[in-house]
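Enquirer: Pasting final-v2.cif below, which is mmCIF, N, CA and C atoms.
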data_work
loop_
_atom_site.label_atom_id
_atom_site.label_comp_id
_atom_site.auth_asym_id
_atom_site.auth_seq_id
_atom_site.Cartn_x
_atom_site.Cartn_y
_atom_site.Cartn_z
N MET A 535 -81.64 154.44 32.88
CA MET A 535 -81.27 155.45 31.89
C MET A 535 -79.81 155.26 31.48
N GLN A 536 -79.57 155.23 30.19
CA GLN A 536 -78.23 154.93 29.68
C GLN A 536 -77.25 156.09 29.85
N GLY A 537 -77.69 157.31 29.74
CA GLY A 537 -76.80 158.45 29.78
C GLY A 537 -76.74 159.12 28.43
N THR A 538 -75.90 160.12 28.31
CA THR A 538 -75.78 160.83 27.04
C THR A 538 -74.34 160.83 26.56
N VAL A 539 -74.20 160.74 25.26
CA VAL A 539 -72.89 160.75 24.62
C VAL A 539 -72.88 161.88 23.60
N THR A 540 -71.87 162.73 23.68
CA THR A 540 -71.67 163.78 22.68
C THR A 540 -70.31 163.56 22.05
N MET A 541 -70.29 163.47 20.73
CA MET A 541 -69.03 163.30 20.01
C MET A 541 -68.71 164.59 19.26
N TYR A 542 -67.54 165.14 19.53
CA TYR A 542 -67.04 166.30 18.81
C TYR A 542 -66.16 165.77 17.70
N SER A 543 -66.46 166.18 16.47
CA SER A 543 -65.80 165.58 15.31
C SER A 543 -65.57 166.62 14.22
N THR A 544 -65.03 166.13 13.10
CA THR A 544 -64.91 166.91 11.86
C THR A 544 -65.36 166.00 10.72
N THR A 545 -65.59 166.59 9.57
CA THR A 545 -66.04 165.78 8.42
C THR A 545 -64.94 164.89 7.88
N TRP A 546 -63.69 165.28 8.06
CA TRP A 546 -62.57 164.55 7.45
C TRP A 546 -61.94 163.50 8.37
N CYS A 547 -62.42 163.35 9.58
CA CYS A 547 -61.79 162.48 10.58
C CYS A 547 -62.19 161.02 10.42
N GLY A 548 -61.25 160.19 10.03
CA GLY A 548 -61.50 158.76 9.88
C GLY A 548 -61.79 158.07 11.21
N TYR A 549 -61.11 158.49 12.27
CA TYR A 549 -61.36 157.90 13.59
C TYR A 549 -62.79 158.22 14.05
N CYS A 550 -63.27 159.40 13.70
CA CYS A 550 -64.64 159.78 14.04
C CYS A 550 -65.64 158.89 13.31
N ARG A 551 -65.41 158.68 12.02
CA ARG A 551 -66.31 157.82 11.24
C ARG A 551 -66.34 156.40 11.81
N ARG A 552 -65.17 155.89 12.19
CA ARG A 552 -65.11 154.54 12.74
C ARG A 552 -65.89 154.45 14.05
N LEU A 553 -65.69 155.41 14.97
CA LEU A 553 -66.38 155.36 16.25
C LEU A 553 -67.89 155.54 16.06
N LYS A 554 -68.29 156.43 15.14
CA LYS A 554 -69.72 156.61 14.88
C LYS A 554 -70.34 155.30 14.40
N SER A 555 -69.67 154.62 13.51
CA SER A 555 -70.16 153.34 12.99
C SER A 555 -70.29 152.31 14.12
N GLN A 556 -69.31 152.25 14.99
CA GLN A 556 -69.34 151.30 16.10
C GLN A 556 -70.48 151.63 17.07
N LEU A 557 -70.66 152.91 17.38
CA LEU A 557 -71.75 153.31 18.28
C LEU A 557 -73.10 152.97 17.66
N ASP A 558 -73.25 153.26 16.37
CA ASP A 558 -74.50 152.92 15.68
C ASP A 558 -74.77 151.42 15.74
N ARG A 559 -73.74 150.63 15.46
CA ARG A 559 -73.89 149.17 15.44
C ARG A 559 -74.30 148.64 16.82
N GLU A 560 -73.81 149.29 17.89
CA GLU A 560 -74.14 148.86 19.25
C GLU A 560 -75.44 149.46 19.76
N GLY A 561 -76.06 150.34 18.96
CA GLY A 561 -77.32 150.96 19.37
C GLY A 561 -77.15 152.03 20.44
N ILE A 562 -75.97 152.62 20.50
CA ILE A 562 -75.70 153.68 21.47
C ILE A 562 -75.96 155.02 20.80
N ALA A 563 -76.97 155.71 21.31
CA ALA A 563 -77.33 157.02 20.75
C ALA A 563 -76.27 158.06 21.13
N PHE A 564 -76.03 158.98 20.20
CA PHE A 564 -75.07 160.05 20.49
C PHE A 564 -75.45 161.28 19.68
N THR A 565 -74.96 162.41 20.16
CA THR A 565 -75.11 163.66 19.45
C THR A 565 -73.74 163.99 18.87
N GLU A 566 -73.71 164.34 17.60
CA GLU A 566 -72.44 164.70 16.95
C GLU A 566 -72.40 166.20 16.73
N ILE A 567 -71.27 166.81 17.09
CA ILE A 567 -71.07 168.24 16.87
C ILE A 567 -69.80 168.42 16.06
N ASN A 568 -69.92 169.05 14.89
CA ASN A 568 -68.78 169.31 14.02
C ASN A 568 -68.09 170.58 14.52
N ILE A 569 -66.88 170.45 15.02
CA ILE A 569 -66.19 171.60 15.61
C ILE A 569 -65.77 172.63 14.56
N GLU A 570 -65.79 172.23 13.29
CA GLU A 570 -65.46 173.19 12.23
C GLU A 570 -66.58 174.20 12.05
N HIS A 571 -67.79 173.87 12.53
CA HIS A 571 -68.95 174.75 12.36
C HIS A 571 -69.45 175.33 13.68
N ASP A 572 -68.77 175.01 14.78
CA ASP A 572 -69.24 175.44 16.10
C ASP A 572 -68.04 175.90 16.94
N PRO A 573 -67.75 177.21 16.94
CA PRO A 573 -66.58 177.72 17.65
C PRO A 573 -66.57 177.41 19.15
N GLU A 574 -67.74 177.40 19.79
CA GLU A 574 -67.78 177.08 21.22
C GLU A 574 -67.35 175.64 21.47
N SER A 575 -67.79 174.74 20.62
CA SER A 575 -67.40 173.34 20.75
C SER A 575 -65.92 173.15 20.44
N ALA A 576 -65.42 173.88 19.46
CA ALA A 576 -63.99 173.83 19.15
C ALA A 576 -63.18 174.28 20.36
N ALA A 577 -63.64 175.31 21.05
CA ALA A 577 -62.96 175.80 22.25
C ALA A 577 -62.99 174.74 23.36
N PHE A 578 -64.12 174.04 23.51
CA PHE A 578 -64.22 172.96 24.50
C PHE A 578 -63.21 171.86 24.19
N VAL A 579 -63.12 171.46 22.92
CA VAL A 579 -62.19 170.41 22.51
C VAL A 579 -60.75 170.85 22.78
N GLU A 580 -60.43 172.09 22.46
CA GLU A 580 -59.08 172.60 22.72
C GLU A 580 -58.76 172.56 24.21
N LYS A 581 -59.71 172.97 25.03
CA LYS A 581 -59.50 172.97 26.48
C LYS A 581 -59.28 171.55 27.00
N ALA A 582 -60.02 170.60 26.46
CA ALA A 582 -59.91 169.20 26.89
C ALA A 582 -58.63 168.53 26.42
N ASN A 583 -57.99 169.12 25.38
CA ASN A 583 -56.83 168.47 24.75
C ASN A 583 -55.59 169.35 24.72
N GLY A 584 -55.39 170.11 25.76
CA GLY A 584 -54.15 170.89 25.88
C GLY A 584 -53.94 171.88 24.75
N GLY A 585 -55.02 172.47 24.25
CA GLY A 585 -54.92 173.47 23.19
C GLY A 585 -55.04 172.92 21.78
N ASN A 586 -55.20 171.61 21.65
CA ASN A 586 -55.30 170.98 20.34
C ASN A 586 -56.75 170.64 20.00
N GLN A 587 -57.08 170.72 18.74
CA GLN A 587 -58.42 170.33 18.27
C GLN A 587 -58.39 168.86 17.86
N THR A 588 -58.19 167.98 18.84
CA THR A 588 -58.09 166.55 18.59
C THR A 588 -59.48 165.93 18.61
N VAL A 589 -59.81 165.21 17.53
CA VAL A 589 -61.10 164.54 17.44
C VAL A 589 -60.88 163.07 17.09
N PRO A 590 -61.80 162.18 17.46
CA PRO A 590 -62.99 162.50 18.21
C PRO A 590 -62.68 162.77 19.68
N THR A 591 -63.32 163.78 20.21
CA THR A 591 -63.38 163.99 21.65
C THR A 591 -64.80 163.66 22.04
N VAL A 592 -64.95 162.84 23.06
CA VAL A 592 -66.26 162.34 23.45
C VAL A 592 -66.54 162.73 24.90
N ARG A 593 -67.74 163.27 25.11
CA ARG A 593 -68.21 163.65 26.45
C ARG A 593 -69.35 162.69 26.81
N VAL A 594 -69.21 162.04 27.96
CA VAL A 594 -70.22 161.10 28.42
C VAL A 594 -70.77 161.56 29.76
N LEU A 595 -72.08 161.66 29.84
CA LEU A 595 -72.77 161.92 31.10
C LEU A 595 -73.53 160.65 31.45
N PRO A 596 -73.01 159.87 32.41
CA PRO A 596 -73.67 158.62 32.75
C PRO A 596 -75.09 158.84 33.25
N GLY A 597 -75.97 157.91 32.96
CA GLY A 597 -77.35 158.01 33.38
C GLY A 597 -77.55 157.72 34.86
N THR A 598 -76.54 157.18 35.52
CA THR A 598 -76.66 156.81 36.93
C THR A 598 -76.28 157.95 37.86
N GLY A 599 -76.09 159.15 37.32
CA GLY A 599 -75.72 160.28 38.15
C GLY A 599 -74.24 160.37 38.42
N GLY A 600 -73.43 159.61 37.71
CA GLY A 600 -71.99 159.66 37.88
C GLY A 600 -71.40 160.93 37.31
N ASP A 601 -70.10 161.06 37.43
CA ASP A 601 -69.40 162.23 36.94
C ASP A 601 -69.24 162.20 35.42
N GLU A 602 -69.21 163.38 34.84
CA GLU A 602 -68.95 163.52 33.41
C GLU A 602 -67.56 162.97 33.10
N VAL A 603 -67.46 162.28 31.95
CA VAL A 603 -66.19 161.74 31.48
C VAL A 603 -65.92 162.34 30.11
N VAL A 604 -64.70 162.87 29.89
CA VAL A 604 -64.30 163.38 28.59
C VAL A 604 -63.09 162.56 28.14
N MET A 605 -63.19 162.01 26.92
CA MET A 605 -62.15 161.13 26.39
C MET A 605 -61.74 161.58 24.99
N THR A 606 -60.49 161.39 24.68
CA THR A 606 -59.98 161.70 23.35
C THR A 606 -59.70 160.41 22.61
N ASN A 607 -60.31 160.30 21.42
CA ASN A 607 -60.17 159.12 20.57
C ASN A 607 -60.38 157.83 21.35
N PRO A 608 -61.52 157.71 22.04
CA PRO A 608 -61.74 156.51 22.84
C PRO A 608 -62.14 155.31 21.98
N SER A 609 -61.94 154.14 22.57
CA SER A 609 -62.44 152.92 21.93
C SER A 609 -63.92 152.78 22.28
N LEU A 610 -64.60 151.91 21.56
CA LEU A 610 -65.99 151.61 21.87
C LEU A 610 -66.10 151.09 23.30
N ALA A 611 -65.17 150.25 23.71
CA ALA A 611 -65.19 149.70 25.07
C ALA A 611 -65.07 150.80 26.12
N GLN A 612 -64.26 151.82 25.86
CA GLN A 612 -64.12 152.92 26.81
C GLN A 612 -65.42 153.72 26.92
N VAL A 613 -66.09 153.93 25.81
CA VAL A 613 -67.36 154.67 25.84
C VAL A 613 -68.40 153.85 26.61
N LYS A 614 -68.48 152.56 26.33
CA LYS A 614 -69.43 151.70 27.01
C LYS A 614 -69.15 151.68 28.52
N HIS A 615 -67.89 151.62 28.89
CA HIS A 615 -67.52 151.62 30.31
C HIS A 615 -67.95 152.92 30.97
N ALA A 616 -67.73 154.04 30.30
CA ALA A 616 -68.12 155.34 30.85
C ALA A 616 -69.64 155.43 31.03
N LEU A 617 -70.37 154.76 30.15
CA LEU A 617 -71.84 154.73 30.26
C LEU A 617 -72.32 153.73 31.30
N GLY A 618 -71.44 152.85 31.73
CA GLY A 618 -71.84 151.80 32.66
C GLY A 618 -72.54 150.65 31.99
N VAL A 619 -72.25 150.45 30.70
CA VAL A 619 -72.89 149.39 29.91
C VAL A 619 -71.97 148.17 29.88
#
Translate the structure described by the file into structure tokens.
Expert:
Amino acid sequence: MQGTVTMYSTTWCGYCRRLKSQLDREGIAFTEINIEHDPESAAFVEKANGGNQTVPTVRVLPGTGGDEVVMTNPSLAQVKHALGV
């Protein structure tokens, strides 16, 4: 099992668009949540980023039972590493 990836983003974020494109190209499935439309997710992003709504913020739950990883503006390589790929 590969694990799950959740990307917290906004419509205007260029870094989010780039990471989404890279994940798609690599065949890595992810769920995208727009923090502008989801106050609970916006609060999660703020908590993860010292009070800032910095996107993309990515939450990875590895499929091997490892610990959850939360990253801010990660590279594709960092996401793959968190997944154990």
Enquirer: Report as a PyMOL selection string all protein, DNA and RNA residues lying within 6.5 Å of Thr606 of chain A, evaluated on only N, CA and C atoms, omitting residues in the same chain fewer than 6 positions from it.
Expert: chain A and resi 588-592
Enquirer: If you run DSSP over the backbone, which residues in segment 563-611 of chain A end up helix (DSSP H, G or I)? Put them as a list in words.
Expert: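 Secondary structure check on segment 563-611 of chain A, helix (DSSP H, G or I): Pro573, Glu574, Ser575, Ala576, Ala577, Phe578, Val579, Glu580, Lys581, Ala582, Leu610 and Ala611 of chain A.
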Enquirer: Between atom N of Glu580 of chain A and atom C of Thr544 of chain A, what is the spacing in Å?
Expert: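 Answer for the atom C of Thr544 of chain A to atom N of Glu580 of chain A separation: 14.1 Å.
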Enquirer: Considering only C-alpha atoms, tabulate each residue of segment 590-609 of chain A that lies at most 9 Å from segment 552-555 of chain A along with its nearest interatomic pair and the corresponding distance in Å to one decimal; arrange the rows by chain and ascending residue number and present them as CSV.
Expert:
residue,atom,partner,partner_atom,distance
A:Pro590,CA,A:Leu553,CA,8.1
A:Asn607,CA,A:Leu553,CA,8.4
A:Pro608,CA,A:Leu553,CA,8.1
A:Ser609,CA,A:Leu553,CA,7.3
Enquirer: On this structure, which residues satisfy the PyMOL selection byres ((chain A and resi 593) around 8), written as a list in words?
Expert: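 Matching residues under the PyMOL selection byres ((chain A and resi 593) around 8) are Thr538, Val539, Thr540, Met541, Tyr542, Pro590, Thr591, Val592, Val594, Leu595, Pro596, Glu602, Val603, Val604, Met605 and Thr606 of chain A.
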Enquirer: Just how far from atom CA of Ile567 of chain A is atom CA of Ser543 of chain A, in Å to one decimal?
Expert: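 So the two atoms, atom CA of Ser543 of chain A and atom CA of Ile567 of chain A, lie 6.1 Å apart.
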Enquirer: For each of A:Gly618, A:Gly585, A:Gln612, A:Leu557, take the minimum atom-to-atom distance to Gly600 of chain A, counting only C-alpha atoms, then give the residue where this is smallest.
Expert: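 Counting only C-alpha atoms, the residue closest to Gly600 of chain A is A:Gly618.
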Enquirer: One decimal, in Å: what's the spacing between atom CA of Gln587 of chain A and atom CA of Pro573 of chain A?
Expert: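 Pair atom CA of Gln587 of chain A / atom CA of Pro573 of chain A returns 11.0 Å.
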Enquirer: How big is the axis-aligned box, and where does its centre sit, when it encloses all atoms of segment 589-601 of chain A listed in the file and has 6 Å added on every side, reported in Å to one decimal as JSON?
Expert:
{"center_x": -68.7, "center_y": 161.0, "center_z": 27.8, "size_x": 29.7, "size_y": 20.4, "size_z": 33.3}
Enquirer: Enumerate, as a ChimeraX atom specification, the complete set of residues in chain A that a backbone-based DSSP assignment places in strand (DSSP E).
Expert: /A:537-543,565-568,591-596,603-606
Enquirer: Out of A:Ile562, A:Thr545, A:Ala582, A:Arg551, which residue has the shortest atom-to-atom distance to Val619 of chain A when counting only C-alpha atoms?
Expert: A:Ile562
